[in-house]
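Structure record follows, encoded as structure tokens.
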Amino acid sequence: MAKLGKRTRAAREAVAGKANLTVAEAVALVKANATSKFDETIEIALNLGVDTRHADQMVRGVVGLPNGTGKTMRVAVFARGPKADEAKAAGADVIGAEDLMESIQAGNLDFDRCIATPDMMPIVGRLGKILGPRNLMPNPKVGTVTMDVKAAVEAAKGGEVQFKAEKGGVVHAGVGKASFDEAKLVENVSAFIDAVAKARPSGAKGAYMKKIVLTSTMGPGVTLDVDAAVSE
């Protein structure tokens with residue numbers, strides 16, 4: 001077994017025996033142990049009582065974090081004509097149609113969000129096997145297939161986070177940076193948990209939120225008191 005470094009040992013000792021915390025307690029502990037030389041991302045993972053193999057148990061949605069993510073989002077937009085101009089004015093990083101499709105097929109995926117106008121979906125549909133597994137496929141349910149390109153681009157740039165339950169029923173996302181004030185991180189974490197709670201699918205049976213863990217990029221995770229976190 002590899003020998004643990006001094007920083008790792010200290011971080012693990014700091015969280016040892018601490019579980020089922022409030023959001024504020026978890027944020028304070030995780031932030032205090034994010035001691036790397038770079039600005040670590042604060043990440044949340046929720047283990048849900050759903051089986052994503054069934055359509056009526058799929059969990060997906062979008063939430064605008066009140067204090068943003070701290071990450072610079074690169075946005076790609078499939079649009080033509082005036083809508084392409086609208087996307088450019090709103091700050092989209094990559095804009096195109098067939099040319100953008102060919103670029104993606106060639107392996108160029110230097111973006112974090114993909115938006116499309118409805119008329120572009122026959123083109124975008126050919127990229128399902130590439131964009132789908134990366135949770136980049138435009139979808140009207142989360143506002144990324146829309147004629148309001150300006151609003152979609154601005155929302156993505158402003159800290160909007162998409163979430164989708166993966167195999168095993170786990171939802172995870174970055175909810176800020178370690179450099180954020182504790183109060184802002186608490187607001188972001190609470191907003192994300194609330195959004196996932198509201199996205200409970202009709203087919204979910206029994207306990208919906210089974211476990212919530214908060215961590216930083218390089219730090220140990222801590223568990224939250226699910227009932228308290230949902231009610232906060």
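We label chains A, B, ... in the order they appear in the structure tokens, count residues from 1 in each chain, and number ligands from 1 in the order shown.
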Test item, strand (DSSP E or B) assignment across stretch 68-114 of chain A, answer as a ChimeraX atom specification: /A:75-78,94-96,113-114
What lies within 12 Å of A:Ala152 using only C-alpha atoms, ignoring chain neighbours under 3 positions off, as a VMD selection string? chain A and resid 62 64 75 to 77 83 86 to 87 90 to 92 113 to 117 138 to 140 142 to 149 155 to 161
Those residues you just picked out, can you put them in a file as a compact mmCIF listing (two decimals), in the first residue's frame with N, CA, C and O atoms?
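Wrote it out as again15.txt, contents follow:
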```
# COMPACT_ATOMS: atom_id res chain seq x y z
N VAL A 62 -31.77 21.04 -14.53
CA VAL A 62 -30.81 22.14 -14.62
C VAL A 62 -31.09 23.10 -13.46
O VAL A 62 -32.22 23.25 -13.03
N GLY A 64 -29.67 27.00 -11.80
CA GLY A 64 -28.79 28.15 -11.82
C GLY A 64 -28.25 28.38 -10.42
O GLY A 64 -29.00 28.74 -9.50
N VAL A 75 -19.02 27.37 -24.50
CA VAL A 75 -20.32 27.00 -25.05
C VAL A 75 -20.27 26.87 -26.56
O VAL A 75 -19.77 27.76 -27.26
N ALA A 76 -20.78 25.75 -27.06
CA ALA A 76 -20.91 25.52 -28.50
C ALA A 76 -22.38 25.66 -28.88
O ALA A 76 -23.26 25.20 -28.15
N VAL A 77 -22.63 26.28 -30.02
CA VAL A 77 -24.01 26.50 -30.47
C VAL A 77 -24.17 26.07 -31.93
O VAL A 77 -23.40 26.49 -32.80
N LYS A 83 -29.70 33.59 -35.79
CA LYS A 83 -29.52 32.89 -34.52
C LYS A 83 -28.04 32.64 -34.24
O LYS A 83 -27.60 32.64 -33.09
N GLU A 86 -26.84 35.88 -33.00
CA GLU A 86 -27.31 36.05 -31.63
C GLU A 86 -26.41 35.31 -30.65
O GLU A 86 -26.08 35.82 -29.58
N ALA A 87 -26.02 34.10 -31.04
CA ALA A 87 -25.14 33.29 -30.19
C ALA A 87 -23.78 33.96 -30.02
O ALA A 87 -23.22 34.00 -28.92
N ALA A 90 -23.96 36.86 -27.70
CA ALA A 90 -24.17 36.44 -26.30
C ALA A 90 -22.91 35.86 -25.68
O ALA A 90 -22.88 35.61 -24.47
N GLY A 91 -21.88 35.60 -26.50
CA GLY A 91 -20.62 35.11 -25.96
C GLY A 91 -20.31 33.65 -26.20
O GLY A 91 -19.40 33.09 -25.56
N ALA A 92 -21.04 33.01 -27.12
CA ALA A 92 -20.76 31.61 -27.44
C ALA A 92 -19.34 31.48 -27.98
O ALA A 92 -18.84 32.35 -28.69
N ARG A 113 -20.79 22.98 -22.79
CA ARG A 113 -22.23 22.99 -22.99
C ARG A 113 -22.51 23.10 -24.48
O ARG A 113 -21.84 23.84 -25.19
N CYS A 114 -23.51 22.38 -24.94
CA CYS A 114 -23.87 22.41 -26.35
C CYS A 114 -25.33 22.81 -26.47
O CYS A 114 -26.21 22.19 -25.86
N ILE A 115 -25.59 23.85 -27.25
CA ILE A 115 -26.93 24.40 -27.44
C ILE A 115 -27.27 24.33 -28.93
O ILE A 115 -26.38 24.45 -29.78
N ALA A 116 -28.54 24.13 -29.23
CA ALA A 116 -28.95 24.04 -30.64
C ALA A 116 -30.33 24.64 -30.83
O ALA A 116 -31.20 24.53 -29.95
N THR A 117 -30.55 25.27 -31.97
CA THR A 117 -31.90 25.67 -32.34
C THR A 117 -32.61 24.42 -32.86
O THR A 117 -31.96 23.47 -33.34
N PRO A 138 -27.76 18.31 -26.73
CA PRO A 138 -28.82 19.31 -26.49
C PRO A 138 -30.16 18.62 -26.22
O PRO A 138 -30.49 17.61 -26.85
N ASN A 139 -30.91 19.19 -25.28
CA ASN A 139 -32.18 18.58 -24.88
C ASN A 139 -33.16 19.68 -24.49
O ASN A 139 -32.83 20.54 -23.66
N PRO A 140 -34.35 19.67 -25.06
CA PRO A 140 -35.31 20.73 -24.72
C PRO A 140 -35.71 20.73 -23.25
O PRO A 140 -36.10 21.76 -22.72
N VAL A 142 -33.88 20.57 -20.70
CA VAL A 142 -32.97 21.38 -19.88
C VAL A 142 -32.63 22.71 -20.56
O VAL A 142 -31.68 23.38 -20.20
N GLY A 143 -33.42 23.05 -21.58
CA GLY A 143 -33.29 24.36 -22.20
C GLY A 143 -32.15 24.53 -23.18
O GLY A 143 -31.81 25.67 -23.52
N THR A 144 -31.58 23.42 -23.65
CA THR A 144 -30.47 23.55 -24.59
C THR A 144 -30.88 23.30 -26.05
O THR A 144 -30.05 23.38 -26.95
N VAL A 145 -32.15 22.99 -26.28
CA VAL A 145 -32.73 23.04 -27.62
C VAL A 145 -33.77 24.16 -27.56
O VAL A 145 -34.82 24.02 -26.94
N THR A 146 -33.45 25.28 -28.16
CA THR A 146 -34.28 26.48 -27.96
C THR A 146 -34.05 27.50 -29.07
O THR A 146 -32.98 27.54 -29.68
N MET A 147 -35.06 28.32 -29.28
CA MET A 147 -34.89 29.45 -30.20
C MET A 147 -34.34 30.67 -29.46
O MET A 147 -33.85 31.60 -30.08
N ASP A 148 -34.41 30.64 -28.13
CA ASP A 148 -33.88 31.74 -27.33
C ASP A 148 -32.40 31.47 -27.05
O ASP A 148 -32.01 31.19 -25.91
N VAL A 149 -31.61 31.55 -28.09
CA VAL A 149 -30.20 31.23 -27.98
C VAL A 149 -29.48 32.17 -27.02
O VAL A 149 -28.64 31.74 -26.23
N ALA A 155 -27.19 31.89 -19.69
CA ALA A 155 -27.41 31.04 -18.52
C ALA A 155 -26.22 30.11 -18.31
O ALA A 155 -25.75 29.92 -17.17
N ALA A 156 -25.74 29.52 -19.39
CA ALA A 156 -24.59 28.62 -19.29
C ALA A 156 -23.35 29.36 -18.80
O ALA A 156 -22.60 28.86 -17.95
N LYS A 157 -23.15 30.55 -19.30
CA LYS A 157 -22.00 31.35 -18.91
C LYS A 157 -22.13 31.87 -17.48
O LYS A 157 -21.14 32.15 -16.81
N GLY A 158 -23.38 31.98 -17.01
CA GLY A 158 -23.63 32.58 -15.72
C GLY A 158 -23.62 31.62 -14.54
O GLY A 158 -23.90 32.03 -13.41
N GLY A 159 -23.36 30.34 -14.79
CA GLY A 159 -23.27 29.40 -13.67
C GLY A 159 -24.38 28.38 -13.61
O GLY A 159 -24.58 27.75 -12.57
N GLU A 160 -25.10 28.21 -14.69
CA GLU A 160 -26.14 27.18 -14.72
C GLU A 160 -25.50 25.80 -14.80
O GLU A 160 -24.54 25.60 -15.55
N VAL A 161 -26.01 24.86 -14.03
CA VAL A 161 -25.45 23.51 -13.98
C VAL A 161 -26.51 22.49 -14.40
O VAL A 161 -27.64 22.52 -13.90
```
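Atom pair atom CA of A:Gly107 / atom CA of A:Lys167: separated by 24.7 Å.
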What's the 12 Å shell around A:Arg126, counting only C-alpha atoms, without same-chain residues fewer than 3 positions away, as a ChimeraX atom specification? /A:97-98,100-102,104-105,120-123,129-132,137
Would you save the residues of that selection, restricted to all heavy atoms, as a compact mmCIF listing (two decimals), in the first residue's frame?
```txt
# COMPACT_ATOMS: atom_id res chain seq x y z
N ALA A 97 -22.77 24.81 -38.03
CA ALA A 97 -23.82 23.86 -38.42
C ALA A 97 -23.14 22.57 -38.86
O ALA A 97 -22.56 21.86 -38.05
CB ALA A 97 -24.70 24.46 -39.51
N GLU A 98 -23.15 22.28 -40.16
CA GLU A 98 -22.47 21.08 -40.64
C GLU A 98 -20.97 21.12 -40.34
O GLU A 98 -20.37 20.09 -40.04
CB GLU A 98 -22.69 20.91 -42.16
CG GLU A 98 -24.07 20.45 -42.56
CD GLU A 98 -25.04 21.61 -42.72
OE1 GLU A 98 -24.64 22.78 -42.45
OE2 GLU A 98 -26.19 21.36 -43.10
N LEU A 100 -19.54 22.48 -37.77
CA LEU A 100 -19.34 22.16 -36.36
C LEU A 100 -19.53 20.67 -36.12
O LEU A 100 -18.79 20.06 -35.35
CB LEU A 100 -20.32 22.97 -35.49
CG LEU A 100 -20.26 22.74 -33.97
CD1 LEU A 100 -18.85 22.91 -33.43
CD2 LEU A 100 -21.22 23.69 -33.26
N MET A 101 -20.49 20.08 -36.81
CA MET A 101 -20.70 18.63 -36.70
C MET A 101 -19.44 17.88 -37.13
O MET A 101 -18.98 16.96 -36.44
CB MET A 101 -21.87 18.19 -37.58
CG MET A 101 -22.10 16.68 -37.60
SD MET A 101 -23.27 16.15 -38.88
CE MET A 101 -22.28 16.42 -40.37
N GLU A 102 -18.85 18.28 -38.25
CA GLU A 102 -17.65 17.63 -38.76
C GLU A 102 -16.47 17.82 -37.80
O GLU A 102 -15.65 16.92 -37.61
CB GLU A 102 -17.31 18.17 -40.14
CG GLU A 102 -18.34 17.76 -41.20
CD GLU A 102 -18.13 18.49 -42.53
OE1 GLU A 102 -17.18 19.32 -42.61
OE2 GLU A 102 -18.91 18.25 -43.46
N ILE A 104 -16.66 18.16 -34.53
CA ILE A 104 -16.89 17.28 -33.39
C ILE A 104 -16.59 15.84 -33.76
O ILE A 104 -15.98 15.09 -32.98
CB ILE A 104 -18.33 17.45 -32.87
CG1 ILE A 104 -18.51 18.84 -32.25
CG2 ILE A 104 -18.67 16.35 -31.85
CD1 ILE A 104 -19.94 19.18 -31.88
N GLN A 105 -17.00 15.43 -34.95
CA GLN A 105 -16.72 14.06 -35.40
C GLN A 105 -15.22 13.81 -35.50
O GLN A 105 -14.76 12.67 -35.34
CB GLN A 105 -17.39 13.82 -36.76
CG GLN A 105 -18.91 13.70 -36.68
CD GLN A 105 -19.57 13.60 -38.03
OE1 GLN A 105 -19.09 14.15 -39.03
NE2 GLN A 105 -20.70 12.90 -38.10
N MET A 120 -31.73 22.62 -36.12
CA MET A 120 -30.40 22.02 -36.20
C MET A 120 -30.36 20.58 -35.69
O MET A 120 -29.37 19.88 -35.86
CB MET A 120 -29.39 22.85 -35.40
CG MET A 120 -29.04 24.20 -35.97
SD MET A 120 -27.95 24.09 -37.43
CE MET A 120 -29.18 24.30 -38.72
N MET A 121 -31.45 20.12 -35.07
CA MET A 121 -31.42 18.80 -34.44
C MET A 121 -31.20 17.63 -35.40
O MET A 121 -30.59 16.62 -35.00
CB MET A 121 -32.68 18.59 -33.61
CG MET A 121 -32.70 19.44 -32.32
SD MET A 121 -31.16 19.31 -31.36
CE MET A 121 -31.23 17.60 -30.81
N PRO A 122 -31.64 17.69 -36.66
CA PRO A 122 -31.29 16.59 -37.57
C PRO A 122 -29.77 16.44 -37.74
O PRO A 122 -29.27 15.32 -37.90
CB PRO A 122 -31.95 17.01 -38.89
CG PRO A 122 -33.13 17.82 -38.46
CD PRO A 122 -32.63 18.60 -37.27
N ILE A 123 -29.05 17.55 -37.68
CA ILE A 123 -27.59 17.50 -37.76
C ILE A 123 -27.01 17.03 -36.43
O ILE A 123 -26.16 16.13 -36.38
CB ILE A 123 -27.03 18.91 -38.11
CG1 ILE A 123 -27.46 19.31 -39.52
CG2 ILE A 123 -25.50 18.92 -38.00
CD1 ILE A 123 -27.08 20.73 -39.88
N LYS A 129 -23.91 9.51 -30.36
CA LYS A 129 -22.96 8.58 -29.74
C LYS A 129 -21.73 9.30 -29.19
O LYS A 129 -21.00 8.74 -28.37
CB LYS A 129 -22.54 7.51 -30.75
CG LYS A 129 -23.66 6.55 -31.11
CD LYS A 129 -23.18 5.45 -32.03
CE LYS A 129 -24.30 4.47 -32.35
NZ LYS A 129 -23.85 3.39 -33.27
N ILE A 130 -21.49 10.52 -29.67
CA ILE A 130 -20.35 11.29 -29.19
C ILE A 130 -20.76 12.20 -28.03
O ILE A 130 -20.13 12.22 -26.97
CB ILE A 130 -19.73 12.14 -30.32
CG1 ILE A 130 -19.25 11.24 -31.47
CG2 ILE A 130 -18.58 13.01 -29.79
CD1 ILE A 130 -18.77 12.01 -32.69
N LEU A 131 -21.86 12.94 -28.22
CA LEU A 131 -22.28 13.91 -27.22
C LEU A 131 -23.03 13.28 -26.06
O LEU A 131 -22.91 13.73 -24.92
CB LEU A 131 -23.16 14.98 -27.88
CG LEU A 131 -22.51 15.82 -28.99
CD1 LEU A 131 -23.52 16.80 -29.56
CD2 LEU A 131 -21.29 16.57 -28.47
N GLY A 132 -23.81 12.23 -26.35
CA GLY A 132 -24.64 11.61 -25.31
C GLY A 132 -23.86 11.13 -24.09
O GLY A 132 -24.18 11.51 -22.96
N MET A 137 -25.40 16.35 -25.12
CA MET A 137 -26.43 16.34 -26.14
C MET A 137 -27.50 17.39 -25.81
O MET A 137 -28.08 17.37 -24.72
CB MET A 137 -27.07 14.95 -26.22
CG MET A 137 -27.97 14.76 -27.43
SD MET A 137 -27.00 14.74 -28.95
CE MET A 137 -28.31 14.51 -30.15
```
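Comparing A:Thr52, A:Ser36, A:Thr41, A:Asn188 by their smallest distance to A:Asn67, the closest is A:Asn188 (using only C-alpha atoms).
Remark: for A:Val175, the closest of the candidate residues A:Glu43, A:Asp225, A:Glu25, A:Asp119 is A:Glu43 (distances computed over only C-alpha atoms).
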Do a neighbour search on A:Ala183 at 12 Å with only C-alpha atoms, toss out local chain neighbours closer than 6 positions, and write the hits as a ChimeraX atom specification. /A:23-28,31,66-67,176,189-190
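Using only C-alpha atoms, the shortest contact distance between A:Asp39 and any of A:Met218, A:Val230, A:Val59, A:Ala89 is found at A:Met218.
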For the structure I just gave you, how does DSSP split stretch 29-230 of chain A - specifically, which residues are alpha helix (DSSP H)? Reply as a PyMOL selection string. chain A and resi 29-32+81-90+98-105+121-124+128-131+149-157+182-198+226-230
I'd like the interatomic distance between atom CA of A:Phe38 and atom CA of A:Val213, to a tenth of an Å. 21.6 Å
Near-A:Ala173 list (12 Å; only C-alpha atoms; drop same-chain fewer than 6 positions) as a ChimeraX atom specification: /A:41-46,61-63,65,69,71,135,159-166,188-189,192-193,196,212-217
Near stretch 53-57 of chain A, within 7 Å and counting only C-alpha atoms, which residues show up once chain neighbours fewer than 3 positions away are dropped, as a list in words? Val50, Pro201, Ser202, Gly203 and Ala204 of chain A
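Candidate residues A:Val153, A:Ala207, A:Ala34, A:Leu127 were compared for distance to A:Val94, and the nearest is A:Val153, using only C-alpha atoms.
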Please provide the set of residues having any atom within 6 Å of A:Leu224, restricted to only C-alpha atoms, with same-chain residues fewer than 5 positions apart removed, written as a PyMOL selection string. chain A and resi 20-22+212
Saved selection, atoms kept: N, CA and C atoms, as a CSV table (one decimal), in the first residue's frame:
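Dumped to result-v4.csv:
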```
chain,number,residue,atom,x,y,z
A,20,ASN,N,-22.8,12.7,8.6
A,20,ASN,CA,-24.2,13.2,8.7
A,20,ASN,C,-24.2,14.7,9.2
A,21,LEU,N,-23.4,15.5,8.5
A,21,LEU,CA,-23.3,16.9,8.9
A,21,LEU,C,-24.4,17.8,8.2
A,22,THR,N,-24.5,19.0,8.7
A,22,THR,CA,-25.4,20.0,8.1
A,22,THR,C,-24.6,20.5,6.8
A,212,ILE,N,-25.7,11.7,0.5
A,212,ILE,CA,-25.1,13.0,-0.1
A,212,ILE,C,-23.7,13.1,0.4
```
